[in-house]
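File shown: structure-v1.txt. Contents: compact mmCIF, C-alpha atoms.
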# COMPACT_ATOMS: atom_id res chain seq x y z
CA MET A 1070 43.78 -32.59 -0.45
CA LEU A 1071 42.69 -30.80 2.69
CA LEU A 1072 41.04 -33.98 3.95
CA PHE A 1073 44.14 -36.02 3.13
CA VAL A 1074 46.47 -33.64 4.99
CA GLY A 1075 44.09 -33.23 7.94
CA LEU A 1076 43.69 -36.97 8.42
CA TYR A 1077 47.43 -37.47 7.96
CA ILE A 1078 48.19 -35.00 10.75
CA ILE A 1079 45.70 -36.69 13.07
CA VAL A 1080 47.11 -40.15 12.32
CA ALA A 1081 50.69 -38.91 12.73
CA VAL A 1082 49.96 -37.29 16.10
CA VAL A 1083 48.13 -40.37 17.40
CA ASP A 1084 50.92 -42.57 16.07
CA HIS A 1085 53.62 -40.44 17.68
CA TYR A 1086 52.06 -40.21 21.13
CA LEU A 1087 50.17 -43.49 21.52
CA VAL A 1088 52.04 -46.08 19.44
CA SER A 1089 55.69 -46.70 20.19
CA ALA A 1090 56.49 -49.09 17.34
CA THR A 1091 58.30 -47.59 14.35
CA VAL A 1092 59.37 -49.07 11.04
CA ASP A 1093 62.32 -48.08 8.91
CA ILE A 1094 60.97 -47.90 5.36
CA ARG A 1095 64.41 -48.60 3.92
CA ASP A 1096 64.34 -52.08 5.55
CA LEU A 1097 61.17 -53.09 3.68
CA PRO A 1098 61.39 -54.96 0.37
CA LEU A 1099 62.13 -52.34 -2.32
CA GLY A 1100 62.06 -49.73 0.47
CA ARG A 1101 64.83 -47.75 -1.18
CA TYR A 1102 62.45 -46.99 -4.04
CA ILE A 1103 59.53 -45.70 -1.93
CA PRO A 1104 59.46 -41.89 -2.31
CA MET A 1105 58.62 -41.09 1.32
CA GLY A 1106 61.45 -43.38 2.40
CA MET A 1107 63.86 -40.73 1.18
CA VAL A 1108 62.12 -37.96 3.11
CA ASP A 1109 61.02 -39.67 6.34
CA PRO A 1110 62.44 -43.19 6.66
CA GLU A 1111 61.40 -43.79 10.31
CA VAL A 1112 57.59 -43.92 10.51
CA GLY A 1113 55.08 -45.30 12.93
CA VAL A 1114 52.94 -48.29 12.16
CA LEU A 1115 49.70 -46.28 11.83
CA VAL A 1116 51.28 -43.83 9.38
CA LEU A 1117 52.71 -46.74 7.40
CA MET A 1118 49.21 -48.24 7.09
CA TYR A 1119 47.59 -44.86 6.30
CA ARG A 1120 49.78 -44.03 3.31
CA PRO A 1121 48.79 -46.90 0.98
CA VAL A 1122 45.13 -46.72 1.99
CA MET A 1123 44.96 -43.04 1.04
CA ALA A 1124 47.09 -43.54 -2.09
CA ILE A 1125 44.17 -45.09 -3.96
CA PRO A 1126 41.70 -42.18 -3.55
CA SER A 1127 44.53 -39.67 -4.08
CA LEU A 1128 45.44 -41.36 -7.34
CA ALA A 1129 41.81 -41.34 -8.46
CA VAL A 1130 41.44 -37.62 -7.71
CA THR A 1131 44.70 -36.86 -9.52
CA VAL A 1132 43.58 -38.75 -12.62
CA ARG A 1133 40.22 -36.96 -12.57
CA ARG A 1134 41.92 -33.56 -12.22
CA LEU A 1135 44.29 -34.35 -15.09
CA HIS A 1136 41.31 -35.19 -17.28
CA ASP A 1137 39.76 -31.84 -16.29
CA VAL A 1138 42.80 -29.96 -17.58
CA GLY A 1139 42.84 -31.97 -20.81
CA LYS A 1140 45.72 -34.35 -20.05
CA SER A 1141 45.88 -38.12 -19.90
CA GLY A 1142 45.57 -39.77 -16.52
CA TRP A 1143 48.91 -41.46 -17.12
CA TRP A 1144 50.62 -38.17 -16.22
CA CYS A 1145 49.98 -39.12 -12.56
CA VAL A 1146 52.91 -41.52 -12.90
CA LEU A 1147 55.05 -38.41 -12.38
CA TRP A 1148 54.30 -38.69 -8.64
CA VAL A 1149 56.85 -41.53 -8.52
CA LEU A 1150 58.74 -41.71 -11.85
CA PRO A 1151 61.40 -40.94 -13.02
CA LEU A 1152 62.39 -39.25 -9.78
CA PRO A 1153 59.64 -38.25 -7.35
CA VAL A 1154 60.62 -34.64 -6.69
CA LEU A 1155 61.35 -33.84 -10.34
CA GLY A 1156 57.95 -35.14 -11.39
CA TRP A 1157 56.23 -33.08 -8.69
CA LEU A 1158 57.77 -29.88 -10.07
CA TYR A 1159 55.90 -30.45 -13.34
CA LEU A 1160 52.76 -32.15 -12.02
CA ILE A 1161 51.72 -29.71 -9.28
CA PRO A 1162 51.48 -26.66 -11.59
CA LEU A 1163 49.70 -28.87 -14.12
CA LEU A 1164 47.08 -29.77 -11.51
CA CYS A 1165 46.59 -26.07 -10.67
CA ARG A 1166 45.58 -25.12 -14.22
CA ARG A 1167 42.08 -24.03 -15.11
CA SER A 1168 39.74 -26.72 -16.37
CA VAL A 1169 39.20 -27.00 -20.10
CA ILE A 1170 35.84 -28.69 -19.72

Show me the file's structure as structure tokens.
Amino acid sequence: MLLFVGLYIIVAVVDHYLVSATVDIRDLPLGRYIPMGMVDPEVGVLVLMYRPVMAIPSLAVTVRRLHDVGKSGWWCVLWVLPLPVLGWLYLIPLLCRRSVI
């Protein structure tokens, strides 16, 4: 998570100061359903490319951590369903539990 946040900050700073193009997430197909579109709809192009690339390893780490605490990997769906923020309130404490293995 530290690597994810560190790289995100670097990409966001570079994007903010060196790239002038921005994209409104709500204008993309199904953009109203993208969780970060509700929080930060105007993003730079580099940040927009960074998010899906890092989503794959983040999802893999989340599934692995859920298996460590004795839960199914399908619980990671709570990052986006039914409502993103409500799922986070349950999932984050679940990921902070001690391992059962």

Taking all atoms of region 1122-1138 of chain A that the file lists and extending 6 Å past them on each side, where is the centre of the axis-aligned box and how long are its edges? Answer in Å to one decimal, as AutoDock Vina command-line options.
--center_x 43.4 --center_y -38.3 --center_z -7.8 --size_x 19.3 --size_y 28.8 --size_z 31.6

Task: Pick from A:Tyr1077, A:Arg1120, A:Arg1095, A:Trp1144, whichever lies nearest to Gly1156 (chain A) using all atoms listed in the file - done: A:Trp1144

TODO: Counting all atoms listed in the file, figure out which residue out of A:Leu1128, A:Val1116, A:Leu1099, A:Val1122 gets nearest to Val1083 (chain A).
DONE: A:Val1116

TODO: Identify the residues around (47.3, -30.1, -15.6) within a radius of 6 Å, measuring from all atoms listed in the file in the coordinates stated by the file, and give them as a PyMOL selection string.
DONE: chain A and resi 1135+1138+1163-1164+1166

Task: Residues within 10 Å of Ala1129 (chain A), only C-alpha atoms, excluding chain neighbours under 5 positions, as a ChimeraX atom specification - done: /A:1124,1134-1135,1142,1145

- [ ] Would you list the contacts of Val1114 (chain A) as JSON, numbers by chain, taking every protein, DNA or RNA residue within 8 Å and counting only C-alpha atoms, but skipping same-chain residues closer than 4 positions in sequence?
- [x] {"A": [1084, 1088, 1090, 1091, 1092, 1118]}

Task: Separation of CA of Pro1126 (chain A) from CA of Val1082 (chain A), in Å and rounded to one decimal - done: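 Result for CA of Pro1126 (chain A) versus CA of Val1082 (chain A): 21.9 Å, one decimal.
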
Open item on the list: One number please: CA of Cys1165 (chain A) to CA of Pro1121 (chain A), in Å, one decimal.
Closed with: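 Going from CA of Cys1165 (chain A) over to CA of Pro1121 (chain A), I get 24.0 Å.
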
- [ ] Measure the distance from CA of Val1132 (chain A) to CA of Ile1094 (chain A) in Å and round it to one decimal.
- [x]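 Answer for the CA of Val1132 (chain A) to CA of Ile1094 (chain A) separation: 26.6 Å.
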
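Proximity of A:Val1112, A:Val1146, A:Ser1127, A:Met1070 to Tyr1159 (chain A), computed with only C-alpha atoms, is greatest for A:Val1146.
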
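When only C-alpha atoms are used to compute distances to Leu1147 (chain A), the closest of the residues A:Ile1079, A:Leu1160, A:Ile1125, A:Leu1071 turns out to be A:Leu1160.
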